[in-house]
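Participant: One file is attached below, final-v4.cif, containing mmCIF, C-alpha atoms.
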data_data
#
loop_
_atom_site.group_PDB
_atom_site.id
_atom_site.type_symbol
_atom_site.label_atom_id
_atom_site.label_comp_id
_atom_site.auth_asym_id
_atom_site.auth_seq_id
_atom_site.Cartn_x
_atom_site.Cartn_y
_atom_site.Cartn_z
ATOM 1 C CA MET A 25 23.914 32.357 -57.188
ATOM 2 C CA ASP A 26 27.199 31.160 -55.643
ATOM 3 C CA LEU A 27 27.190 27.389 -56.214
ATOM 4 C CA SER A 28 30.338 26.917 -54.194
ATOM 5 C CA ASN A 29 28.612 28.192 -51.043
ATOM 6 C CA GLU A 30 25.648 25.884 -51.661
ATOM 7 C CA VAL A 31 27.974 22.891 -51.996
ATOM 8 C CA VAL A 32 29.682 23.772 -48.720
ATOM 9 C CA PHE A 33 26.293 24.169 -46.999
ATOM 10 C CA ASN A 34 25.115 20.761 -48.248
ATOM 11 C CA LYS A 35 28.306 19.119 -47.090
ATOM 12 C CA ASN A 36 27.942 20.667 -43.633
ATOM 13 C CA ASN A 37 24.292 19.634 -43.452
ATOM 14 C CA ILE A 38 25.158 16.044 -44.367
ATOM 15 C CA TYR A 39 27.964 16.057 -41.806
ATOM 16 C CA ILE A 40 25.639 17.324 -39.053
ATOM 17 C CA ARG A 41 22.941 14.784 -39.875
ATOM 18 C CA ARG A 42 25.552 12.030 -39.891
ATOM 19 C CA ARG A 43 26.817 13.091 -36.464
ATOM 20 C CA ILE A 44 23.250 13.099 -35.106
ATOM 21 C CA TYR A 45 22.635 9.662 -36.601
ATOM 22 C CA LEU A 46 25.824 8.198 -35.121
ATOM 23 C CA ARG A 47 25.075 9.706 -31.704
ATOM 24 C CA MET A 48 21.528 8.323 -31.701
ATOM 25 C CA LYS A 49 22.855 4.943 -32.766
ATOM 26 C CA LYS A 50 25.340 5.074 -29.900
ATOM 27 C CA TYR A 51 22.606 5.923 -27.368
ATOM 28 C CA ILE A 52 20.325 3.189 -28.676
ATOM 29 C CA LEU A 53 23.149 0.637 -28.444
ATOM 30 C CA ILE A 54 23.989 1.685 -24.891
ATOM 31 C CA SER A 55 20.283 1.516 -23.935
ATOM 32 C CA LEU A 56 19.986 -1.975 -25.357
ATOM 33 C CA LEU A 57 23.075 -3.067 -23.446
ATOM 34 C CA LEU A 58 21.802 -1.586 -20.173
ATOM 35 C CA LEU A 59 18.223 -2.797 -20.550
ATOM 36 C CA PRO A 60 18.896 -6.265 -19.100
ATOM 37 C CA PHE A 61 20.590 -4.774 -16.046
ATOM 38 C CA PHE A 62 17.748 -2.305 -15.545
ATOM 39 C CA SER A 63 15.225 -5.125 -15.856
ATOM 40 C CA MET A 64 17.157 -7.227 -13.353
ATOM 41 C CA GLY A 65 17.238 -4.279 -10.966
ATOM 42 C CA GLN A 66 13.435 -4.146 -11.062
ATOM 43 C CA GLN A 67 12.898 -7.876 -10.550
ATOM 44 C CA TRP A 68 12.247 -7.379 -6.817
ATOM 45 C CA LYS A 69 8.933 -5.665 -7.698
ATOM 46 C CA LYS A 70 7.711 -8.771 -9.468
ATOM 47 C CA TYR A 71 8.684 -10.878 -6.440
ATOM 48 C CA ARG A 72 7.648 -8.456 -3.708
ATOM 49 C CA LYS A 73 4.822 -10.657 -2.296
ATOM 50 C CA GLU A 74 5.795 -13.715 -0.309
ATOM 51 C CA VAL A 75 4.162 -16.306 1.934
ATOM 52 C CA LEU A 76 6.023 -18.152 4.692
ATOM 53 C CA LEU A 77 5.302 -21.373 6.584
ATOM 54 C CA GLY A 78 7.432 -23.244 9.066
ATOM 55 C CA SER A 79 8.053 -24.580 12.548
ATOM 56 C CA GLY A 80 10.555 -24.146 15.325
ATOM 57 C CA ALA A 81 10.869 -23.793 19.082
ATOM 58 C CA SER A 82 10.023 -21.418 21.917
ATOM 59 C CA ASN A 83 11.160 -20.800 25.477
ATOM 60 C CA PHE A 84 9.703 -18.865 28.384
ATOM 61 C CA LEU A 85 11.661 -16.091 30.096
ATOM 62 C CA GLY A 86 9.836 -15.228 33.304
ATOM 63 C CA ASP A 87 9.539 -15.934 37.028
ATOM 64 C CA LEU A 88 9.261 -19.718 37.086
ATOM 65 C CA GLY A 89 12.053 -22.193 36.546
ATOM 66 C CA GLY A 90 15.146 -20.701 34.990
ATOM 67 C CA ALA A 91 18.856 -20.909 35.672
ATOM 68 C CA ASP A 92 20.444 -22.011 38.949
ATOM 69 C CA GLN A 93 20.449 -18.519 40.392
ATOM 70 C CA ILE A 94 18.153 -15.859 41.798
ATOM 71 C CA GLY A 95 15.626 -14.874 39.147
ATOM 72 C CA THR A 96 17.002 -12.479 36.552
ATOM 73 C CA HIS A 97 16.051 -11.344 33.037
ATOM 74 C CA LEU A 98 15.975 -12.634 29.438
ATOM 75 C CA MET A 99 18.702 -15.084 28.318
ATOM 76 C CA LYS A 100 20.423 -15.024 31.713
ATOM 77 C CA ASP A 101 17.509 -17.030 33.097
ATOM 78 C CA LEU A 102 17.063 -19.547 30.282
ATOM 79 C CA GLU A 103 16.075 -23.134 31.123
ATOM 80 C CA ILE A 104 16.740 -25.080 27.928
ATOM 81 C CA SER A 105 14.703 -28.133 28.987
ATOM 82 C CA MET A 106 11.548 -25.980 28.855
ATOM 83 C CA THR A 107 11.888 -25.515 25.076
ATOM 84 C CA ARG A 108 8.633 -26.339 23.297
ATOM 85 C CA PRO A 109 7.482 -26.614 19.622
ATOM 86 C CA LEU A 110 6.273 -23.702 17.520
ATOM 87 C CA VAL A 111 4.132 -23.594 14.371
ATOM 88 C CA ALA A 112 4.051 -20.307 12.472
ATOM 89 C CA GLY A 113 3.354 -18.563 9.176
ATOM 90 C CA GLY A 114 3.489 -15.139 7.621
ATOM 91 C CA TYR A 115 3.056 -12.842 4.639
ATOM 92 C CA ARG A 116 5.779 -10.444 3.507
ATOM 93 C CA TYR A 117 5.428 -7.409 1.214
ATOM 94 C CA LYS A 118 8.506 -5.553 -0.005
ATOM 95 C CA ILE A 119 8.371 -1.760 -0.064
ATOM 96 C CA SER A 120 11.865 -1.458 -1.538
ATOM 97 C CA PRO A 121 14.786 -3.835 -2.154
ATOM 98 C CA THR A 122 15.874 -3.418 1.492
ATOM 99 C CA ILE A 123 12.617 -2.631 3.343
ATOM 100 C CA ALA A 124 9.630 -4.920 3.875
ATOM 101 C CA VAL A 125 6.629 -5.360 6.134
ATOM 102 C CA LYS A 126 5.492 -8.766 7.351
ATOM 103 C CA GLY A 127 2.426 -10.154 9.056
ATOM 104 C CA PHE A 128 3.274 -13.017 11.430
ATOM 105 C CA GLY A 129 1.107 -15.494 13.307
ATOM 106 C CA GLY A 130 1.956 -18.539 15.368
ATOM 107 C CA TRP A 131 1.101 -21.025 18.089
ATOM 108 C CA THR A 132 3.380 -22.386 20.775
ATOM 109 C CA ARG A 133 3.293 -23.570 24.380
ATOM 110 C CA LEU A 134 5.266 -21.970 27.202
ATOM 111 C CA THR A 135 6.152 -23.804 30.406
ATOM 112 C CA GLY A 136 8.071 -23.229 33.611
ATOM 113 C CA ASN A 137 8.833 -25.331 36.694
ATOM 114 C CA ASP A 138 10.680 -24.266 39.846
ATOM 115 C CA LEU A 139 11.853 -27.812 40.557
ATOM 116 C CA LEU A 140 14.186 -27.557 37.552
ATOM 117 C CA THR A 141 16.353 -24.916 39.227
ATOM 118 C CA ALA A 142 18.872 -25.624 41.994
ATOM 119 C CA GLU A 143 18.491 -22.137 43.483
ATOM 120 C CA PRO A 144 17.097 -22.973 46.979
ATOM 121 C CA ALA A 145 14.384 -20.318 47.333
ATOM 122 C CA ARG A 146 12.980 -20.827 43.830
ATOM 123 C CA ASN A 147 13.129 -24.593 44.171
ATOM 124 C CA ASN A 148 11.292 -24.458 47.486
ATOM 125 C CA ARG A 149 8.623 -22.203 45.970
ATOM 126 C CA ASN A 150 7.630 -25.202 43.800
ATOM 127 C CA LEU A 151 5.412 -23.299 41.366
ATOM 128 C CA SER A 152 4.834 -24.538 37.825
ATOM 129 C CA PHE A 153 2.664 -23.667 34.844
ATOM 130 C CA ARG A 154 1.973 -24.161 31.182
ATOM 131 C CA THR A 155 0.036 -22.087 28.678
ATOM 132 C CA ASN A 156 -0.770 -22.083 24.991
ATOM 133 C CA ILE A 157 0.299 -18.881 23.274
ATOM 134 C CA PHE A 158 -1.387 -17.554 20.150
ATOM 135 C CA THR A 159 0.395 -14.530 18.757
ATOM 136 C CA ALA A 160 -0.204 -12.175 15.814
ATOM 137 C CA SER A 161 2.144 -9.308 15.003
ATOM 138 C CA ALA A 162 3.282 -6.928 12.287
ATOM 139 C CA HIS A 163 7.015 -6.636 11.580
ATOM 140 C CA PHE A 164 9.067 -3.931 9.894
ATOM 141 C CA GLU A 165 12.151 -5.464 8.256
ATOM 142 C CA TYR A 166 15.386 -3.860 7.122
ATOM 143 C CA SER A 167 17.905 -5.892 5.103
ATOM 144 C CA VAL A 168 21.544 -5.192 5.887
ATOM 145 C CA ILE A 169 22.426 -7.580 3.069
ATOM 146 C CA GLU A 170 19.909 -7.144 0.267
ATOM 147 C CA GLU A 171 18.091 -10.158 -1.131
ATOM 148 C CA LYS A 172 18.924 -10.941 -4.759
ATOM 149 C CA VAL A 173 16.540 -12.551 -7.232
ATOM 150 C CA LYS A 174 18.182 -15.755 -8.364
ATOM 151 C CA SER A 175 18.999 -15.897 -12.090
ATOM 152 C CA ARG A 176 17.079 -18.467 -14.081
ATOM 153 C CA TYR A 177 20.181 -19.327 -16.070
ATOM 154 C CA ALA A 178 22.791 -19.056 -13.325
ATOM 155 C CA ARG A 179 25.914 -21.171 -13.637
ATOM 156 C CA ARG A 180 25.852 -24.308 -11.531
ATOM 157 C CA GLY A 181 27.746 -23.809 -8.332
ATOM 158 C CA LYS A 182 27.531 -20.024 -8.448
ATOM 159 C CA LYS A 183 27.044 -18.615 -4.956
ATOM 160 C CA PHE A 184 24.219 -16.215 -4.150
ATOM 161 C CA PRO A 185 24.387 -13.826 -1.210
ATOM 162 C CA LEU A 186 22.531 -14.623 1.969
ATOM 163 C CA ASN A 187 19.788 -12.132 2.800
ATOM 164 C CA ILE A 188 20.260 -10.857 6.380
ATOM 165 C CA TYR A 189 17.686 -8.583 7.977
ATOM 166 C CA PHE A 190 16.674 -7.177 11.341
ATOM 167 C CA PHE A 191 13.078 -6.597 12.351
ATOM 168 C CA GLY A 192 10.907 -5.063 15.004
ATOM 169 C CA GLY A 193 7.197 -4.605 15.377
ATOM 170 C CA ALA A 194 4.121 -4.816 17.539
ATOM 171 C CA GLY A 195 1.404 -7.361 18.145
ATOM 172 C CA LEU A 196 -1.046 -9.115 20.424
ATOM 173 C CA PHE A 197 -0.979 -12.521 22.056
ATOM 174 C CA TYR A 198 -3.418 -14.705 23.985
ATOM 175 C CA PHE A 199 -2.465 -16.896 26.936
ATOM 176 C CA ASN A 200 -4.230 -18.748 29.763
ATOM 177 C CA PRO A 201 -1.897 -20.252 32.405
ATOM 178 C CA GLU A 202 -2.731 -23.538 34.095
ATOM 179 C CA SER A 203 -1.048 -25.965 36.483
ATOM 180 C CA LYS A 204 -1.425 -29.581 37.602
ATOM 181 C CA TYR A 205 -3.079 -30.384 40.938
ATOM 182 C CA ILE A 206 -2.437 -33.416 43.133
ATOM 183 C CA ASP A 207 -5.367 -35.178 41.426
ATOM 184 C CA ASN A 208 -3.293 -35.074 38.205
ATOM 185 C CA LYS A 209 -5.744 -32.665 36.547
ATOM 186 C CA TRP A 210 -4.887 -29.310 35.015
ATOM 187 C CA TYR A 211 -6.589 -26.187 36.411
ATOM 188 C CA LYS A 212 -6.781 -22.680 34.993
ATOM 189 C CA LEU A 213 -4.937 -20.361 37.377
ATOM 190 C CA LYS A 214 -6.471 -16.956 36.730
ATOM 191 C CA PRO A 215 -9.900 -17.822 38.252
ATOM 192 C CA LEU A 216 -8.158 -19.083 41.416
ATOM 193 C CA HIS A 217 -6.774 -15.631 42.379
ATOM 194 C CA THR A 218 -3.505 -17.137 43.630
ATOM 195 C CA GLU A 219 -2.095 -13.785 44.784
ATOM 196 C CA GLY A 220 -5.260 -12.707 46.524
ATOM 197 C CA GLN A 221 -6.754 -10.728 43.649
ATOM 198 C CA GLY A 222 -10.051 -9.228 44.754
ATOM 199 C CA LEU A 223 -9.325 -9.617 48.481
ATOM 200 C CA PRO A 224 -8.705 -6.710 50.909
ATOM 201 C CA ASN A 225 -5.292 -5.013 50.733
ATOM 202 C CA SER A 226 -3.995 -7.309 47.984
ATOM 203 C CA GLU A 227 -1.382 -5.656 45.784
ATOM 204 C CA ALA A 228 -2.166 -8.042 42.937
ATOM 205 C CA LYS A 229 -4.583 -6.980 40.232
ATOM 206 C CA SER A 230 -6.628 -9.116 37.887
ATOM 207 C CA TYR A 231 -4.945 -9.477 34.503
ATOM 208 C CA SER A 232 -6.194 -9.716 30.930
ATOM 209 C CA LEU A 233 -5.515 -12.866 28.898
ATOM 210 C CA VAL A 234 -4.914 -10.766 25.757
ATOM 211 C CA GLN A 235 -1.785 -8.635 25.941
ATOM 212 C CA PHE A 236 0.382 -6.341 23.850
ATOM 213 C CA CYS A 237 3.888 -7.387 22.797
ATOM 214 C CA ILE A 238 6.924 -6.022 20.956
ATOM 215 C CA PRO A 239 8.948 -8.517 18.886
ATOM 216 C CA LEU A 240 12.602 -7.819 18.055
ATOM 217 C CA GLY A 241 14.750 -10.168 16.022
ATOM 218 C CA VAL A 242 17.049 -11.113 13.185
ATOM 219 C CA GLY A 243 16.428 -13.237 10.097
ATOM 220 C CA PHE A 244 18.417 -15.087 7.435
ATOM 221 C CA LYS A 245 17.114 -16.196 4.048
ATOM 222 C CA TYR A 246 18.708 -18.169 1.227
ATOM 223 C CA PRO A 247 17.190 -18.561 -2.272
ATOM 224 C CA ILE A 248 16.672 -22.033 -3.723
ATOM 225 C CA THR A 249 14.954 -20.908 -6.928
ATOM 226 C CA ARG A 250 13.488 -17.601 -8.132
ATOM 227 C CA GLU A 251 10.320 -18.302 -6.159
ATOM 228 C CA TRP A 252 11.404 -20.604 -3.303
ATOM 229 C CA SER A 253 13.623 -19.749 -0.342
ATOM 230 C CA VAL A 254 14.495 -21.190 3.058
ATOM 231 C CA GLY A 255 15.061 -19.053 6.113
ATOM 232 C CA LEU A 256 15.659 -18.836 9.832
ATOM 233 C CA GLU A 257 14.351 -16.225 12.243
ATOM 234 C CA TYR A 258 15.095 -15.635 15.909
ATOM 235 C CA SER A 259 13.135 -13.144 18.010
ATOM 236 C CA ILE A 260 12.406 -12.113 21.578
ATOM 237 C CA TYR A 261 8.885 -10.962 22.417
ATOM 238 C CA GLN A 262 8.850 -8.390 25.182
ATOM 239 C CA THR A 263 5.437 -8.255 26.833
ATOM 240 C CA PHE A 264 3.627 -5.818 29.091
ATOM 241 C CA THR A 265 2.393 -8.366 31.610
ATOM 242 C CA ASP A 266 4.078 -10.259 34.440
ATOM 243 C CA TYR A 267 1.353 -12.899 34.593
ATOM 244 C CA ILE A 268 2.064 -15.296 31.731
ATOM 245 C CA ASP A 269 3.028 -17.738 34.513
ATOM 246 C CA ASP A 270 0.423 -16.362 36.985
ATOM 247 C CA VAL A 271 3.251 -15.146 39.257
ATOM 248 C CA SER A 272 4.158 -11.520 39.904
ATOM 249 C CA THR A 273 3.784 -9.899 43.346
ATOM 250 C CA TYR A 274 3.602 -11.166 46.948
ATOM 251 C CA TYR A 275 2.186 -14.064 48.916
ATOM 252 C CA TYR A 276 -1.252 -13.350 50.317
ATOM 253 C CA ASP A 277 -2.656 -14.890 53.496
ATOM 254 C CA ASN A 278 -3.185 -18.497 52.438
ATOM 255 C CA LYS A 279 -5.992 -19.006 54.954
ATOM 256 C CA ALA A 280 -7.890 -16.060 53.487
ATOM 257 C CA ILE A 281 -7.427 -17.471 49.970
ATOM 258 C CA ARG A 282 -8.741 -20.851 51.113
ATOM 259 C CA ALA A 283 -11.757 -19.245 52.773
ATOM 260 C CA ALA A 284 -12.563 -17.115 49.722
ATOM 261 C CA TYR A 285 -11.638 -19.392 46.801
ATOM 262 C CA GLY A 286 -11.247 -22.936 48.128
ATOM 263 C CA ASP A 287 -8.590 -25.578 48.788
ATOM 264 C CA ILE A 288 -7.366 -25.818 45.188
ATOM 265 C CA ALA A 289 -6.735 -22.074 45.059
ATOM 266 C CA ALA A 290 -4.866 -22.231 48.381
ATOM 267 C CA TYR A 291 -2.684 -25.063 47.084
ATOM 268 C CA PHE A 292 -1.673 -23.237 43.895
ATOM 269 C CA ALA A 293 -1.093 -20.032 45.877
ATOM 270 C CA ASP A 294 1.594 -21.811 47.906
ATOM 271 C CA PRO A 295 2.609 -25.383 46.994
ATOM 272 C CA SER A 296 6.071 -24.875 48.525
ATOM 273 C CA THR A 297 7.931 -27.994 49.582
ATOM 274 C CA THR A 298 8.821 -26.476 52.987
ATOM 275 C CA PRO A 299 6.264 -23.798 53.919
ATOM 276 C CA THR A 300 7.491 -21.088 56.308
ATOM 277 C CA ARG A 301 4.638 -19.775 58.375
ATOM 278 C CA GLU A 302 6.274 -18.565 61.572
ATOM 279 C CA ALA A 303 8.504 -15.630 60.580
ATOM 280 C CA PRO A 304 9.557 -13.915 57.351
ATOM 281 C CA ILE A 305 12.799 -15.297 55.930
ATOM 282 C CA LYS A 306 14.582 -14.871 52.622
ATOM 283 C CA GLY A 307 12.728 -17.014 50.130
ATOM 284 C CA GLY A 308 9.894 -17.723 52.561
ATOM 285 C CA THR A 309 6.216 -17.996 51.737
ATOM 286 C CA ASN A 310 4.602 -15.935 54.481
ATOM 287 C CA PRO A 311 2.068 -13.225 53.610
ATOM 288 C CA GLY A 312 3.871 -10.178 52.252
ATOM 289 C CA GLU A 313 6.972 -12.033 51.111
ATOM 290 C CA LYS A 314 7.940 -11.967 47.441
ATOM 291 C CA ARG A 315 6.216 -14.583 45.325
ATOM 292 C CA GLY A 316 7.490 -13.226 42.002
ATOM 293 C CA GLU A 317 9.896 -10.678 40.551
ATOM 294 C CA LEU A 318 8.157 -7.364 39.993
ATOM 295 C CA THR A 319 11.136 -5.653 38.343
ATOM 296 C CA TYR A 320 10.662 -7.224 34.891
ATOM 297 C CA ASN A 321 7.684 -8.237 32.821
ATOM 298 C CA ASP A 322 7.591 -11.694 31.247
ATOM 299 C CA SER A 323 8.979 -12.360 27.795
ATOM 300 C CA PHE A 324 9.444 -15.313 25.489
ATOM 301 C CA MET A 325 11.618 -16.172 22.546
ATOM 302 C CA LEU A 326 10.810 -17.817 19.228
ATOM 303 C CA ALA A 327 13.102 -19.438 16.686
ATOM 304 C CA TRP A 328 11.733 -20.965 13.507
ATOM 305 C CA LEU A 329 12.810 -22.414 10.192
ATOM 306 C CA HIS A 330 10.536 -21.521 7.298
ATOM 307 C CA VAL A 331 10.002 -22.143 3.625
ATOM 308 C CA SER A 332 8.854 -19.107 1.638
ATOM 309 C CA TYR A 333 7.247 -18.776 -1.780
ATOM 310 C CA LYS A 334 7.086 -15.586 -3.824
ATOM 311 C CA LEU A 335 3.727 -14.799 -5.399
ATOM 312 C CA THR A 336 4.356 -13.544 -8.927
ATOM 313 C CA GLY A 337 0.746 -13.305 -10.124
ATOM 314 C CA THR A 338 -0.347 -14.076 -13.673
ATOM 315 C CA SER A 339 1.771 -11.481 -15.473
ATOM 316 C CA LYS A 340 4.729 -12.799 -17.487
ATOM 317 C CA SER A 341 7.982 -10.971 -17.923
ATOM 318 C CA ARG A 342 9.134 -10.730 -21.541
ATOM 319 C CA VAL A 343 12.781 -10.539 -20.583
ATOM 320 C CA LYS A 344 14.098 -13.515 -18.585
ATOM 321 C CA PHE A 345 17.438 -13.725 -16.817
#
In structure tokens, what does this structure look like?

Facilitator:
Amino acid sequence: MDLSNEVVFNKNNIYIRRRIYLRMKKYILISLLLLPFFSMGQQWKKYRKEVLLGSGASNFLGDLGGADQIGTHLMKDLEISMTRPLVAGGYRYKISPTIAVKGFGGWTRLTGNDLLTAEPARNNRNLSFRTNIFTASAHFEYSVIEEKVKSRYARRGKKFPLNIYFFGGAGLFYFNPESKYIDNKWYKLKPLHTEGQGLPNSEAKSYSLVQFCIPLGVGFKYPITREWSVGLEYSIYQTFTDYIDDVSTYYYDNKAIRAAYGDIAAYFADPSTTPTREAPIKGGTNPGEKRGELTYNDSFMLAWLHVSYKLTGTSKSRVKF
């Protein structure tokens, strides 16, 4: 037996085992160093559930009131004095670090008044309304700047990026427009058939008080702690009805409305400050003249500040950062 060959074989075997040992040690060390970063990258899963609660403001974008011009659409026709309070809440669930779905619900009141605009025809029309709005919708959110989980041991004064996201969705809302009569009482407008609904040759149709809507908006969120955040959202709700304010089509014969539905209905059909009964004129109130703007459906906008809390459950993470 050649002992020299056996010695060489043993030396090579030891060398190979040593190389394997050092390589494994290197991999283990690298894994231990990367483990905290991997754990931090998965923190969003622990904080993927979130509840939101807040308040803000709303404004109506429709036929009544508006800017000092002929009725137009969306922000071009905003009357800031008609801004009203909003109370809202929601539940968010993250699908990935940049994608989330959110359930949203809220209450607000929308109003409009023609006397607030200096545009002559709209001012003379003298229509006004208010309605409570209850809305529920589902939002799909995409973060253009990803939200970061705030470190438990972050240095004081260290800045954390603002989460910015866009969202769109679909939902339902309930409304029921009303207006004030000369007796200082509020009356529901739909039962009064102010555009001749149900009468011969009327172009107006009865409308449902529950309607479909599409919200589109942008949101900003800033972390206070790992669980608590503050945020701001702004959205426009495009609807599929032109009757949030009970105004859409043409004036119907006011005498026929009075005969069919009574004096109160006739008043709300045409409370104009200077009625024009003799001949059609621009901005007049004779039968067949425009009472509303048929080109666009009504919409409304919501802006709210909210406080959000992440639901982490009962499980505890062994590694804290």

Participant: Quick one, how far is CA of Gly241 in chain A from CA of Gly192 in chain A?

Facilitator: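 One can read the CA of Gly241 in chain A to CA of Gly192 in chain A distance as 6.5 Å.
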
Participant: Which residue is closest to Phe236 in chain A? Choose from A:Val331, A:Leu186, A:Val254, A:Leu196 and count all atoms listed in the file.

Facilitator: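 Between A:Val331, A:Leu186, A:Val254, A:Leu196, the residue approaching Phe236 in chain A most closely is A:Leu196.
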
Participant: Out of A:Thr218, A:Thr132, A:Thr122, A:Asn137, which residue has the shortest atom-to-atom distance to Ile288 in chain A when counting all atoms listed in the file?

Facilitator: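 Result for the nearest residue to Ile288 in chain A: A:Thr218.
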
Participant: Write out as a count of residues only the residues lying within 7 Å of Ala112 in chain A, counting only C-alpha atoms and excluding same-chain residues fewer than 3 positions away.

Facilitator: 6

Participant: Once you add 4 Å to each side, what are the centre and edge lengths of the axis-aligned box holding all listed atoms of range 254-258 of chain A? One decimal in Å, as JSON, if you can.

Facilitator:
{"center_x": 15.0, "center_y": -18.4, "center_z": 9.5, "size_x": 9.3, "size_y": 13.6, "size_z": 20.9}

Participant: Which value, in Å to one decimal, gives the distance between CA of Tyr211 in chain A and CA of Thr263 in chain A?

Facilitator: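 Separation of CA of Tyr211 in chain A and CA of Thr263 in chain A: 23.6 Å.
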
Participant: Residues picked by the PyMOL selection byres ((chain A and resi 334) around 8) here, as a PyMOL selection string?

Facilitator: chain A and resi 71-75+250-252+332-333+335-336

Participant: Ranking A:Gly255, A:Gly286, A:Ile104, A:Asp266 by minimum distance to Thr319 in chain A and counting only C-alpha atoms, which one comes first?

Facilitator: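 When distances to Thr319 in chain A are compared using only C-alpha atoms, the smallest one comes from A:Asp266.
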
Participant: Mind pulling up the distance from CA of Tyr246 in chain A to CA of Gly193 in chain A?

Facilitator: 22.7 Å

Participant: Evaluated on this file, the PyMOL selection byres ((chain A and resi 293) around 9) picks out some residues - which ones are they, written as a short mmCIF file (atom, residue, chain, number, x, y, z; two decimals) with C-alpha atoms, in the coordinates of the input?

Facilitator:
data_model
loop_
_atom_site.label_atom_id
_atom_site.label_comp_id
_atom_site.auth_asym_id
_atom_site.auth_seq_id
_atom_site.Cartn_x
_atom_site.Cartn_y
_atom_site.Cartn_z
CA LEU A 151 5.41 -23.30 41.37
CA LEU A 216 -8.16 -19.08 41.42
CA HIS A 217 -6.77 -15.63 42.38
CA THR A 218 -3.50 -17.14 43.63
CA GLU A 219 -2.10 -13.78 44.78
CA GLY A 220 -5.26 -12.71 46.52
CA TYR A 275 2.19 -14.06 48.92
CA TYR A 276 -1.25 -13.35 50.32
CA ASN A 278 -3.18 -18.50 52.44
CA ILE A 281 -7.43 -17.47 49.97
CA ILE A 288 -7.37 -25.82 45.19
CA ALA A 289 -6.74 -22.07 45.06
CA ALA A 290 -4.87 -22.23 48.38
CA TYR A 291 -2.68 -25.06 47.08
CA PHE A 292 -1.67 -23.24 43.90
CA ASP A 294 1.59 -21.81 47.91
CA PRO A 295 2.61 -25.38 46.99
#

Participant: Using all atoms listed in the file, which residue out of A:Asp207, A:Glu257, A:Asp322, A:Glu313 lies closest to Phe244 in chain A?

Facilitator: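 Once distances to Phe244 in chain A are computed over all atoms listed in the file, the minimum belongs to A:Glu257.
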
Participant: Can you tell me, as a list in words, what residues are no more than 9 Å from Asp138 in chain A when counting only C-alpha atoms, ignoring any on the same chain fewer than 3 positions away?

Facilitator: Asp87, Leu88, Gly89, Gly90, Thr141, Ala142, Glu143, Arg146, Asn147, Asn148, Arg149, Asn150, Leu151 and Ser152 of chain A

Participant: Could you tell me which of A:Ile169, A:Val271, A:Leu240, A:Met106 comes closest to Leu213 in chain A if we count all atoms listed in the file?

Facilitator: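 Once distances to Leu213 in chain A are computed over all atoms listed in the file, the minimum belongs to A:Val271.
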
Participant: Excluding range 198-205 of chain A and its own-chain neighbours fewer than 3 positions away, which residues fall within 6 Å of it when counting only C-alpha atoms? Please give them as a PyMOL selection string.

Facilitator: chain A and resi 153-158+208-213+233-234+269

Participant: Between A:Lys69, A:Leu139, A:Val168, A:Glu103, single out the one closest to Tyr117 in chain A, counting all atoms listed in the file.

Facilitator: A:Lys69

Participant: Find the residues near Tyr231 in chain A: any atom within 9 Å, counting all atoms listed in the file, skip ones fewer than 5 places away on the same chain, and give them as a tab-separated table (two decimals) with C-alpha atoms, in the frame of the given file.

Facilitator:
chain	number	residue	atom	x	y	z
A	214	LYS	CA	-6.47	-16.96	36.73
A	265	THR	CA	2.39	-8.37	31.61
A	267	TYR	CA	1.35	-12.90	34.59
